[in-house]
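Shown below: coords33.txt, with compact mmCIF, C-alpha atoms.
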# COMPACT_ATOMS: atom_id res chain seq x y z
CA MET A 1 -16.34 29.59 14.24
CA LYS A 2 -16.79 26.18 12.64
CA ILE A 3 -15.45 25.61 9.14
CA THR A 4 -16.43 22.54 7.16
CA VAL A 5 -13.41 21.22 5.32
CA LEU A 6 -14.03 17.66 4.07
CA ASP A 7 -10.60 17.36 2.55
CA ASN A 8 -9.00 14.00 1.88
CA ILE A 9 -5.81 13.85 3.94
CA LEU A 10 -3.99 11.70 1.38
CA LYS A 11 -5.08 13.88 -1.54
CA ALA A 12 -1.66 15.39 -2.17
CA ASN A 13 -0.01 11.97 -2.12
CA ASP A 14 -2.64 10.40 -4.36
CA ALA A 15 -2.32 13.18 -6.94
CA ILE A 16 1.42 12.59 -7.25
CA ALA A 17 0.81 8.83 -7.41
CA GLU A 18 -1.50 9.44 -10.36
CA GLU A 19 1.21 11.46 -12.15
CA ILE A 20 3.66 8.60 -11.64
CA ARG A 21 1.10 6.14 -12.96
CA GLU A 22 0.68 8.17 -16.15
CA GLU A 23 4.41 8.56 -16.62
CA LEU A 24 4.93 4.81 -16.24
CA ALA A 25 2.05 4.07 -18.61
CA SER A 26 3.69 6.25 -21.26
CA HIS A 27 6.68 3.87 -21.09
CA LYS A 28 4.40 0.79 -20.96
CA VAL A 29 5.94 -0.19 -17.62
CA LEU A 30 4.16 -2.52 -15.20
CA ALA A 31 4.86 -1.27 -11.67
CA ILE A 32 4.73 -3.53 -8.64
CA ASN A 33 4.81 -2.20 -5.10
CA LEU A 34 6.41 -5.03 -3.13
CA MET A 35 5.65 -5.06 0.56
CA SER A 36 6.35 -7.36 3.51
CA SER A 37 7.60 -7.38 7.05
CA PRO A 38 11.39 -7.17 7.48
CA GLY A 39 13.15 -10.42 6.61
CA ALA A 40 10.31 -12.04 4.65
CA GLY A 41 12.57 -12.26 1.60
CA LYS A 42 11.75 -9.33 -0.69
CA THR A 43 15.29 -8.77 -1.93
CA THR A 44 15.93 -12.49 -2.43
CA LEU A 45 12.69 -12.68 -4.39
CA LEU A 46 13.93 -9.85 -6.60
CA GLU A 47 17.22 -11.68 -7.18
CA ARG A 48 15.40 -14.88 -8.22
CA THR A 49 12.87 -12.95 -10.31
CA ILE A 50 15.47 -10.90 -12.20
CA GLU A 51 17.47 -14.08 -12.94
CA LYS A 52 14.40 -15.63 -14.53
CA LEU A 53 12.96 -12.62 -16.34
CA GLU A 54 16.06 -11.21 -17.98
CA PRO A 55 16.69 -14.35 -20.13
CA LEU A 56 13.07 -14.04 -21.32
CA GLY A 57 13.89 -10.56 -22.60
CA ILE A 58 11.77 -8.91 -19.92
CA HIS A 59 13.74 -6.02 -18.49
CA VAL A 60 13.47 -5.22 -14.84
CA GLY A 61 14.07 -1.96 -13.00
CA VAL A 62 14.17 -1.58 -9.23
CA VAL A 63 13.47 1.19 -6.78
CA GLU A 64 14.84 0.15 -3.40
CA GLY A 65 13.25 1.70 -0.36
CA ASP A 66 15.17 1.41 2.87
CA ILE A 67 15.36 3.45 6.03
CA ALA A 68 19.11 3.92 6.13
CA THR A 69 21.34 1.44 4.31
CA THR A 70 22.09 0.52 0.69
CA ARG A 71 22.55 -3.17 1.53
CA ASP A 72 19.58 -4.33 -0.51
CA SER A 73 20.48 -2.40 -3.62
CA ASP A 74 24.12 -3.53 -3.23
CA ARG A 75 22.88 -7.11 -3.50
CA LEU A 76 21.22 -6.29 -6.81
CA ARG A 77 24.21 -4.44 -8.32
CA LYS A 78 25.48 -7.73 -9.79
CA PHE A 79 22.67 -7.49 -12.32
CA ASP A 80 23.02 -5.12 -15.21
CA ILE A 81 19.71 -3.36 -14.54
CA PRO A 82 18.64 0.15 -13.57
CA ILE A 83 18.42 0.48 -9.79
CA VAL A 84 17.76 3.54 -7.71
CA GLN A 85 17.92 3.72 -3.95
CA ILE A 86 15.63 5.73 -1.68
CA ASN A 87 16.65 6.21 1.93
CA THR A 88 13.55 7.27 3.78
CA GLY A 89 15.44 8.53 6.84
CA SER A 90 13.09 7.76 9.66
CA ALA A 91 9.96 7.14 7.59
CA CYS A 92 8.62 3.61 7.76
CA HIS A 93 7.12 3.60 4.26
CA LEU A 94 7.55 5.06 0.79
CA ASP A 95 5.24 7.81 -0.34
CA ALA A 96 4.51 9.15 -3.80
CA ASN A 97 6.81 12.13 -3.48
CA MET A 98 9.87 10.02 -2.59
CA THR A 99 9.03 7.61 -5.38
CA ARG A 100 8.72 10.39 -7.94
CA SER A 101 12.10 11.87 -7.12
CA ALA A 102 13.67 8.39 -7.26
CA LEU A 103 12.12 7.73 -10.65
CA SER A 104 13.58 10.95 -12.03
CA ASN A 105 16.94 9.17 -11.70
CA LEU A 106 15.83 6.00 -13.45
CA ASP A 107 15.54 5.49 -17.20
CA CYS A 108 12.16 3.82 -17.60
CA SER A 109 12.34 3.58 -21.39
CA ALA A 110 14.27 0.30 -21.21
CA VAL A 111 12.17 -1.20 -18.40
CA ASP A 112 9.25 -3.62 -18.73
CA ILE A 113 8.57 -4.39 -15.08
CA LEU A 114 9.45 -1.97 -12.31
CA PHE A 115 9.67 -3.30 -8.78
CA ILE A 116 9.38 -0.81 -5.99
CA GLU A 117 10.64 -2.55 -2.87
CA ASN A 118 8.92 -0.84 0.03
CA VAL A 119 10.28 -0.50 3.55
CA GLY A 120 9.79 -3.71 5.55
CA ASN A 121 6.57 -3.07 7.46
CA LEU A 122 3.07 -4.53 7.29
CA VAL A 123 1.18 -1.42 8.34
CA CYS A 124 2.23 1.91 6.86
CA PRO A 125 3.18 1.06 3.25
CA ALA A 126 -0.40 -0.08 2.58
CA GLU A 127 -1.61 3.44 3.23
CA PHE A 128 0.32 5.29 0.51
CA LYS A 129 -0.19 4.90 -3.22
CA ILE A 130 3.03 5.29 -5.16
CA GLY A 131 1.81 4.92 -8.74
CA GLU A 132 1.87 1.14 -8.80
CA ASP A 133 -0.35 -1.14 -10.91
CA HIS A 134 -0.35 -3.77 -8.21
CA LYS A 135 0.49 -4.07 -4.58
CA VAL A 136 2.07 -7.44 -3.97
CA MET A 137 2.77 -8.56 -0.45
CA MET A 138 5.01 -11.27 0.77
CA LEU A 139 4.43 -13.33 3.87
CA SER A 140 6.87 -15.98 5.03
CA VAL A 141 5.85 -19.16 6.81
CA THR A 142 7.97 -18.26 9.84
CA GLU A 143 5.71 -15.23 10.48
CA GLY A 144 2.47 -17.11 11.14
CA ASP A 145 -0.78 -17.74 9.28
CA GLU A 146 -2.84 -15.24 11.30
CA LYS A 147 -1.12 -12.17 9.83
CA PRO A 148 -3.95 -11.30 7.41
CA LEU A 149 -6.28 -10.77 10.36
CA LYS A 150 -3.78 -8.52 12.12
CA TYR A 151 -2.94 -6.31 9.14
CA PRO A 152 -6.18 -6.26 7.15
CA LEU A 153 -5.53 -3.19 5.00
CA MET A 154 -2.40 -4.59 3.43
CA PHE A 155 -4.15 -7.85 2.54
CA ARG A 156 -7.25 -6.05 1.31
CA GLU A 157 -5.26 -3.73 -0.96
CA SER A 158 -2.93 -6.32 -2.47
CA SER A 159 -3.52 -8.10 -5.78
CA ALA A 160 -1.25 -11.00 -4.94
CA MET A 161 0.28 -12.57 -1.87
CA LEU A 162 3.44 -14.63 -2.02
CA ILE A 163 3.96 -17.12 0.79
CA ASN A 164 7.73 -17.52 0.97
CA LYS A 165 10.02 -20.04 2.68
CA ILE A 166 7.74 -23.04 2.08
CA ASP A 167 10.89 -25.18 2.29
CA LEU A 168 10.73 -24.46 6.04
CA LEU A 169 7.07 -25.45 6.45
CA ALA A 170 7.87 -28.65 8.32
CA TYR A 171 9.67 -26.67 11.04
CA THR A 172 6.81 -24.26 11.74
CA ASN A 173 3.18 -24.51 12.81
CA PHE A 174 2.13 -22.45 9.79
CA SER A 175 -0.99 -23.84 8.12
CA MET A 176 -1.28 -23.08 4.42
CA ASP A 177 -5.05 -23.69 4.55
CA GLU A 178 -5.48 -21.32 7.47
CA ALA A 179 -3.40 -18.62 5.77
CA ARG A 180 -5.47 -18.92 2.58
CA LYS A 181 -8.71 -18.86 4.53
CA ASN A 182 -7.70 -15.80 6.55
CA ALA A 183 -6.40 -13.92 3.52
CA HIS A 184 -9.42 -14.74 1.37
CA SER A 185 -11.88 -13.69 4.08
CA ILE A 186 -10.36 -10.20 3.81
CA ASN A 187 -9.74 -10.24 0.08
CA PRO A 188 -11.45 -13.00 -1.93
CA LYS A 189 -9.74 -11.88 -5.14
CA LEU A 190 -6.22 -12.18 -3.75
CA ALA A 191 -4.00 -14.41 -5.90
CA ILE A 192 -1.87 -16.60 -3.62
CA PHE A 193 1.47 -18.12 -4.59
CA PRO A 194 3.30 -20.36 -2.11
CA LEU A 195 6.97 -20.47 -3.06
CA SER A 196 10.53 -20.82 -1.88
CA CYS A 197 13.19 -18.40 -3.03
CA THR A 198 15.79 -20.87 -1.73
CA THR A 199 14.72 -23.97 -3.67
CA GLY A 200 12.90 -22.18 -6.49
CA GLU A 201 9.70 -24.17 -5.91
CA GLY A 202 6.58 -22.28 -6.95
CA LEU A 203 8.48 -19.40 -8.56
CA ASN A 204 7.10 -20.16 -12.01
CA ASN A 205 3.51 -19.44 -10.94
CA TRP A 206 4.57 -16.03 -9.72
CA LEU A 207 6.49 -15.29 -12.94
CA LYS A 208 3.53 -16.38 -15.01
CA TRP A 209 1.19 -14.09 -13.06
CA MET A 210 3.50 -11.14 -13.64
CA THR A 211 4.04 -11.72 -17.33
CA THR A 212 0.26 -12.13 -17.77
CA GLU A 213 -0.31 -8.83 -15.97
CA LEU A 214 2.31 -7.16 -18.17
CA GLU A 215 0.55 -8.41 -21.30
CA LYS A 216 -2.84 -7.33 -19.96
CA LYS A 217 -1.56 -3.83 -19.25
CA ARG A 218 0.01 -3.51 -22.71
CA LYS A 219 -3.22 -4.63 -24.38
CA ARG A 220 -5.20 -2.12 -22.34
CA LEU A 221 -2.81 0.66 -23.29
CA GLN A 222 -2.94 -0.36 -26.95
CA LYS A 223 -6.72 -0.20 -26.96
CA LYS A 224 -6.55 3.25 -25.40
CA THR A 225 -4.20 4.62 -28.06
CA LYS A 226 -6.38 3.13 -30.81
CA LYS A 227 -9.41 4.89 -29.40
CA LYS A 228 -7.53 8.19 -29.44
CA MET B 1 4.11 5.13 12.39
CA HIS B 2 2.24 6.29 9.28
CA GLU B 3 0.60 8.60 11.84
CA MET B 4 3.55 11.02 11.50
CA SER B 5 3.03 11.50 7.74
CA ILE B 6 -0.71 11.71 8.26
CA ALA B 7 -0.32 14.32 11.00
CA GLN B 8 1.80 16.41 8.63
CA SER B 9 -0.82 16.19 5.88
CA ILE B 10 -3.55 17.15 8.35
CA LEU B 11 -1.57 20.17 9.51
CA LYS B 12 -1.05 21.35 5.94
CA ILE B 13 -4.79 21.20 5.21
CA VAL B 14 -5.67 22.85 8.53
CA LEU B 15 -3.23 25.74 8.14
CA THR B 16 -4.40 26.38 4.57
CA GLU B 17 -8.02 26.52 5.72
CA ALA B 18 -7.15 28.66 8.73
CA GLN B 19 -5.34 31.19 6.57
CA LYS B 20 -8.14 31.24 4.00
CA ASN B 21 -10.58 32.12 6.77
CA GLY B 22 -8.33 34.65 8.46
CA ALA B 23 -8.06 32.65 11.67
CA GLN B 24 -5.75 33.68 14.50
CA LYS B 25 -5.96 30.34 16.15
CA VAL B 26 -7.25 26.85 15.43
CA LYS B 27 -9.05 25.40 18.44
CA VAL B 28 -10.40 22.06 17.27
CA VAL B 29 -9.62 19.78 14.34
CA ARG B 30 -12.09 17.00 13.57
CA ILE B 31 -11.04 14.17 11.33
CA ARG B 32 -12.84 11.09 10.06
CA ALA B 33 -10.77 7.92 9.97
CA GLY B 34 -12.08 4.68 8.52
CA GLN B 35 -11.41 1.59 10.58
CA LEU B 36 -9.48 -0.01 7.71
CA ARG B 37 -6.95 2.82 7.92
CA GLY B 38 -5.69 1.45 11.21
CA ILE B 39 -5.04 4.86 12.73
CA VAL B 40 -3.88 4.80 16.34
CA ARG B 41 -5.63 7.80 17.83
CA GLU B 42 -3.17 8.43 20.66
CA GLN B 43 -0.20 8.26 18.34
CA LEU B 44 -1.78 10.63 15.86
CA ALA B 45 -2.63 13.09 18.64
CA PHE B 46 0.93 12.86 19.96
CA PHE B 47 2.51 13.67 16.58
CA PHE B 48 -0.06 16.35 15.87
CA GLU B 49 0.71 18.11 19.13
CA PHE B 50 4.41 17.89 18.39
CA ILE B 51 4.29 19.36 14.88
CA THR B 52 1.76 22.12 15.60
CA LYS B 53 4.16 23.94 17.93
CA ASP B 54 4.66 27.57 16.83
CA THR B 55 1.83 27.36 14.30
CA ALA B 56 -1.72 28.72 14.39
CA ALA B 57 -2.82 25.22 15.34
CA GLU B 58 -0.68 25.01 18.47
CA GLY B 59 -2.75 23.57 21.30
CA ALA B 60 -5.63 22.57 19.00
CA VAL B 61 -7.63 19.55 20.09
CA LEU B 62 -7.57 16.73 17.55
CA GLU B 63 -10.81 14.76 17.52
CA VAL B 64 -10.86 11.50 15.62
CA GLU B 65 -14.16 10.03 14.53
CA GLN B 66 -13.64 6.34 13.79
CA VAL B 67 -15.81 5.09 10.92
CA PRO B 68 -16.70 1.39 11.07
CA ILE B 69 -16.46 -0.74 7.94
CA LYS B 70 -19.60 -0.96 5.84
CA ALA B 71 -19.82 -3.04 2.69
CA GLN B 72 -22.27 -3.59 -0.12
CA CYS B 73 -22.76 -6.95 -1.76
CA LYS B 74 -22.37 -6.73 -5.54
CA PRO B 75 -24.74 -9.57 -6.53
CA CYS B 76 -27.63 -8.84 -4.11
CA GLU B 77 -26.86 -5.19 -3.24
CA HIS B 78 -27.38 -5.83 0.48
CA THR B 79 -25.52 -3.36 2.69
CA PHE B 80 -24.00 -4.61 5.94
CA MET B 81 -21.47 -3.80 8.66
CA VAL B 82 -18.26 -5.80 8.43
CA GLN B 83 -17.29 -7.49 11.68
CA ASP B 84 -13.81 -8.89 12.31
CA TYR B 85 -12.76 -8.04 8.75
CA LYS B 86 -14.98 -10.77 7.29
CA PHE B 87 -15.99 -9.50 3.88
CA LEU B 88 -18.88 -11.90 3.37
CA CYS B 89 -22.48 -10.98 2.58
CA PRO B 90 -24.68 -12.27 5.44
CA LYS B 91 -27.66 -12.48 3.11
CA CYS B 92 -26.40 -14.35 0.05
CA GLN B 93 -22.93 -15.46 1.31
CA SER B 94 -21.19 -13.78 -1.64
CA LYS B 95 -17.61 -12.62 -1.11
CA ASP B 96 -17.87 -10.15 -3.96
CA VAL B 97 -18.43 -7.04 -1.87
CA ASP B 98 -17.37 -3.40 -2.13
CA VAL B 99 -16.24 -1.37 0.85
CA VAL B 100 -18.52 1.68 0.98
CA GLU B 101 -17.35 3.07 4.33
CA GLY B 102 -14.28 2.49 6.46
CA MET B 103 -11.56 3.71 4.08
CA GLU B 104 -12.04 7.44 4.63
CA LEU B 105 -9.28 9.65 5.95
CA ALA B 106 -10.36 13.26 5.85
CA VAL B 107 -10.30 16.52 7.73
CA LYS B 108 -13.99 17.04 8.39
CA GLU B 109 -14.09 20.44 10.05
CA ILE B 110 -12.08 22.86 12.12
CA GLU B 111 -13.04 25.37 14.78
CA ILE B 112 -11.18 28.65 14.63
CA GLU B 113 -11.15 32.03 16.28
As a first step, turn the structure in this file into structure tokens.
Amino acid sequence: MKITVLDNILKANDAIAEEIREELASHKVLAINLMSSPGAGKTTLLERTIEKLEPLGIHVGVVEGDIATTRDSDRLRKFDIPIVQINTGSACHLDANMTRSALSNLDCSAVDILFIENVGNLVCPAEFKIGEDHKVMMLSVTEGDEKPLKYPLMFRESSAMLINKIDLLAYTNFSMDEARKNAHSINPKLAIFPLSCTTGEGLNNWLKWMTTELEKKRKRLQKKTKKK
Amino acid sequence: MHEMSIAQSILKIVLTEAQKNGAQKVKVVRIRAGQLRGIVREQLAFFFEFITKDTAAEGAVLEVEQVPIKAQCKPCEHTFMVQDYKFLCPKCQSKDVDVVEGMELAVKEIEIE
């Protein structure tokens, strides 16, 4: 006997992601799902970003996704900010369920921007919504400018792409023009920020993008409450 | 490796449907997977076989229908197939296009007895 099902496989995950999104909206938190391959510089980016945002009075919270260790969150302990660690065990990505249980241990009321650092991987994290406002992916110049063509979903789903380690450009055959062209052919709306977490070059553009997005979200939420 | 999580979600849906319909055994599971989802068929089948052991879906054949990417241009409304992930309208050259097919990931039907 044939039974027609037509059931979205990611339905359960997406429903939890929506709950997280509502919970975060109630605290006026902007959530960023940060993704990259291993070693692109996600944790260093967070260090540089927290250093710059905290003096501006913008409070950061971090959910650290990692397969087994707490090394990344240990690096962030020097900051006086809420951090919660998720060890995914063998899973190569975060999903909404893991994120929700992590967030139950994090006080969002004092957070303006929440970074969810995904497991280093260019494939699987793109597949699972975790309640974020934006997916932001980081590519480093040592990885090659053809990556957008190899991992199209991640580039298609992201709002912004950071190209890290531009201080090493001279030592690689990475072409900034080629990377932009490849990324924009998959996602013409992608905001692209070349930067170096080592020298600090280009970081301001990224900070400005984030603070603008935070303002935009708050205005949207304000309008919504007025309507109610 | 997202295939493992996806296989688990498929199994959940399949077993719920099987129980609802009083099935003893699930023989075939047909899923639709959009090309943008990047599902590796062999890997998905491997995990599915592994996790269905000792369930009503043990031994079920997993058939994956790959759905190519189709897009619609927002300005001129032309619909076209996307080749090599180039999201560009062949008619008016606009890059402002919506994906209308190629993102699906669904259990389409099951065969039971």
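The shortest atom-to-atom distance to chain A, with all atoms listed in the file taken into account, belongs to B:Val82 out of B:Val100, B:Cys92, B:Val67, B:Val82.
Minimum atom-to-atom distance to Ala23 (chain B), evaluated using all atoms listed in the file, belongs to B:Ala57 out of B:Val97, B:Ala57, B:Val40, B:Ala71.
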Neighbour list for Phe79 (chain A) as an MDAnalysis selection string, cut-off 9 Å, only C-alpha atoms, skip fewer than 4 positions in-chain:
chainID A and resid 47 50:51 75
Compile the contact shell of Thr69 (chain A) as a ChimeraX atom specification: residues with an atom at most 12 Å away, counting only C-alpha atoms, same-chain residues fewer than 6 positions apart removed.
/A:75,85-90,119
Distance filter 9 Å, all atoms listed in the file, chain A against chain B, as a VMD selection string:
chain A and resid 1 to 12 91 to 93 123 to 127 149 151 to 153 182 184 to 189
Filtering to C-alpha atoms, could you give me those residues as a tab-separated table (two decimals), in the frame of the given file?
chain	number	residue	atom	x	y	z
A	1	MET	CA	-16.34	29.59	14.24
A	2	LYS	CA	-16.79	26.18	12.64
A	3	ILE	CA	-15.45	25.61	9.14
A	4	THR	CA	-16.43	22.54	7.16
A	5	VAL	CA	-13.41	21.22	5.32
A	6	LEU	CA	-14.03	17.66	4.07
A	7	ASP	CA	-10.60	17.36	2.55
A	8	ASN	CA	-9.00	14.00	1.88
A	9	ILE	CA	-5.81	13.85	3.94
A	10	LEU	CA	-3.99	11.70	1.38
A	11	LYS	CA	-5.08	13.88	-1.54
A	12	ALA	CA	-1.66	15.39	-2.17
A	91	ALA	CA	9.96	7.14	7.59
A	92	CYS	CA	8.62	3.61	7.76
A	93	HIS	CA	7.12	3.60	4.26
A	123	VAL	CA	1.18	-1.42	8.34
A	124	CYS	CA	2.23	1.91	6.86
A	125	PRO	CA	3.18	1.06	3.25
A	126	ALA	CA	-0.40	-0.08	2.58
A	127	GLU	CA	-1.61	3.44	3.23
A	149	LEU	CA	-6.28	-10.77	10.36
A	151	TYR	CA	-2.94	-6.31	9.14
A	152	PRO	CA	-6.18	-6.26	7.15
A	153	LEU	CA	-5.53	-3.19	5.00
A	182	ASN	CA	-7.70	-15.80	6.55
A	184	HIS	CA	-9.42	-14.74	1.37
A	185	SER	CA	-11.88	-13.69	4.08
A	186	ILE	CA	-10.36	-10.20	3.81
A	187	ASN	CA	-9.74	-10.24	0.08
A	188	PRO	CA	-11.45	-13.00	-1.93
A	189	LYS	CA	-9.74	-11.88	-5.14
Every residue with an atom at most 9 Å from (1.0, 5.8, -13.4) (file coordinates; all atoms listed in the file) is what I'm after, so could you write them as a compact mmCIF listing (two decimals) with C-alpha atoms, keeping the file's coordinate frame?
# COMPACT_ATOMS: atom_id res chain seq x y z
CA ALA A 17 0.81 8.83 -7.41
CA GLU A 18 -1.50 9.44 -10.36
CA GLU A 19 1.21 11.46 -12.15
CA ILE A 20 3.66 8.60 -11.64
CA ARG A 21 1.10 6.14 -12.96
CA GLU A 22 0.68 8.17 -16.15
CA GLU A 23 4.41 8.56 -16.62
CA LEU A 24 4.93 4.81 -16.24
CA ALA A 25 2.05 4.07 -18.61
CA SER A 26 3.69 6.25 -21.26
CA VAL A 29 5.94 -0.19 -17.62
CA ALA A 31 4.86 -1.27 -11.67
CA ILE A 130 3.03 5.29 -5.16
CA GLY A 131 1.81 4.92 -8.74
CA GLU A 132 1.87 1.14 -8.80
CA ASP A 133 -0.35 -1.14 -10.91
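Across the structure, CA of Gln83 (chain B) and CA of Leu44 (chain B) are spaced 24.2 Å apart.
For the set B:Gly34, B:Ala45, B:Gln93, B:Lys53, the residue with the smallest atom-to-atom gap to Gln66 (chain B) is B:Gly34, counting only C-alpha atoms.
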Neighbour list for Arg220 (chain A) as a list in words, cut-off 12 Å, all atoms listed in the file, skip fewer than 5 positions in-chain
Ala25, Lys28, Leu30, Glu213, Leu214, Glu215, Thr225, Lys226 and Lys227 of chain A
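The gap separating CA of Pro75 (chain B) from CA of Trp209 (chain A) is 27.1 Å, in Å to one decimal.
The gap separating CA of Ile16 (chain A) from CA of Leu45 (chain A) is 27.8 Å, in Å to one decimal.
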For region 55-63 of chain B, which lacks atoms in the input, supply all heavy atoms and format the output as a PDB file, keeping the file's coordinate frame.
ATOM      1  N   THR B  55       2.712  27.093  15.433  1.00  0.00           N
ATOM      2  CA  THR B  55       1.830  27.360  14.300  1.00  0.00           C
ATOM      3  C   THR B  55       0.489  27.847  14.859  1.00  0.00           C
ATOM      4  O   THR B  55       0.265  27.798  16.070  1.00  0.00           O
ATOM      5  CB  THR B  55       1.545  26.090  13.454  1.00  0.00           C
ATOM      6  OG1 THR B  55       0.657  25.235  14.188  1.00  0.00           O
ATOM      7  CG2 THR B  55       2.811  25.320  13.135  1.00  0.00           C
ATOM      8  N   ALA B  56      -0.399  28.264  13.956  1.00  0.00           N
ATOM      9  CA  ALA B  56      -1.720  28.720  14.390  1.00  0.00           C
ATOM     10  C   ALA B  56      -2.528  27.588  15.013  1.00  0.00           C
ATOM     11  O   ALA B  56      -3.535  27.811  15.687  1.00  0.00           O
ATOM     12  CB  ALA B  56      -2.484  29.303  13.198  1.00  0.00           C
ATOM     13  N   ALA B  57      -2.086  26.366  14.803  1.00  0.00           N
ATOM     14  CA  ALA B  57      -2.820  25.220  15.340  1.00  0.00           C
ATOM     15  C   ALA B  57      -2.230  24.703  16.646  1.00  0.00           C
ATOM     16  O   ALA B  57      -2.649  23.658  17.155  1.00  0.00           O
ATOM     17  CB  ALA B  57      -2.863  24.095  14.299  1.00  0.00           C
ATOM     18  N   GLU B  58      -1.283  25.452  17.204  1.00  0.00           N
ATOM     19  CA  GLU B  58      -0.680  25.010  18.470  1.00  0.00           C
ATOM     20  C   GLU B  58      -1.767  24.905  19.541  1.00  0.00           C
ATOM     21  O   GLU B  58      -2.580  25.820  19.702  1.00  0.00           O
ATOM     22  CB  GLU B  58       0.424  25.974  18.914  1.00  0.00           C
ATOM     23  CG  GLU B  58       1.058  25.505  20.217  1.00  0.00           C
ATOM     24  CD  GLU B  58       2.372  26.214  20.557  1.00  0.00           C
ATOM     25  OE1 GLU B  58       2.859  27.033  19.753  1.00  0.00           O
ATOM     26  OE2 GLU B  58       2.899  25.924  21.645  1.00  0.00           O
ATOM     27  N   GLY B  59      -1.781  23.777  20.217  1.00  0.00           N
ATOM     28  CA  GLY B  59      -2.750  23.570  21.300  1.00  0.00           C
ATOM     29  C   GLY B  59      -4.124  23.124  20.819  1.00  0.00           C
ATOM     30  O   GLY B  59      -5.021  22.906  21.638  1.00  0.00           O
ATOM     31  N   ALA B  60      -4.316  22.994  19.509  1.00  0.00           N
ATOM     32  CA  ALA B  60      -5.630  22.570  19.000  1.00  0.00           C
ATOM     33  C   ALA B  60      -5.931  21.140  19.434  1.00  0.00           C
ATOM     34  O   ALA B  60      -5.038  20.304  19.518  1.00  0.00           O
ATOM     35  CB  ALA B  60      -5.655  22.668  17.481  1.00  0.00           C
ATOM     36  N   VAL B  61      -7.207  20.900  19.715  1.00  0.00           N
ATOM     37  CA  VAL B  61      -7.630  19.550  20.090  1.00  0.00           C
ATOM     38  C   VAL B  61      -7.896  18.762  18.809  1.00  0.00           C
ATOM     39  O   VAL B  61      -8.589  19.248  17.914  1.00  0.00           O
ATOM     40  CB  VAL B  61      -8.924  19.603  20.935  1.00  0.00           C
ATOM     41  CG1 VAL B  61      -9.400  18.188  21.290  1.00  0.00           C
ATOM     42  CG2 VAL B  61      -8.697  20.423  22.196  1.00  0.00           C
ATOM     43  N   LEU B  62      -7.338  17.576  18.729  1.00  0.00           N
ATOM     44  CA  LEU B  62      -7.570  16.730  17.550  1.00  0.00           C
ATOM     45  C   LEU B  62      -8.618  15.675  17.910  1.00  0.00           C
ATOM     46  O   LEU B  62      -8.386  14.844  18.781  1.00  0.00           O
ATOM     47  CB  LEU B  62      -6.266  16.061  17.128  1.00  0.00           C
ATOM     48  CG  LEU B  62      -6.338  15.217  15.860  1.00  0.00           C
ATOM     49  CD1 LEU B  62      -6.457  16.100  14.629  1.00  0.00           C
ATOM     50  CD2 LEU B  62      -5.102  14.336  15.732  1.00  0.00           C
ATOM     51  N   GLU B  63      -9.762  15.758  17.265  1.00  0.00           N
ATOM     52  CA  GLU B  63     -10.810  14.760  17.520  1.00  0.00           C
ATOM     53  C   GLU B  63     -10.896  13.798  16.351  1.00  0.00           C
ATOM     54  O   GLU B  63     -10.988  14.211  15.197  1.00  0.00           O
ATOM     55  CB  GLU B  63     -12.169  15.449  17.709  1.00  0.00           C
ATOM     56  CG  GLU B  63     -12.244  16.245  19.001  1.00  0.00           C
ATOM     57  CD  GLU B  63     -13.603  16.882  19.217  1.00  0.00           C
ATOM     58  OE1 GLU B  63     -14.550  16.598  18.451  1.00  0.00           O
ATOM     59  OE2 GLU B  63     -13.705  17.694  20.152  1.00  0.00           O
TER      60      GLU B  63
END
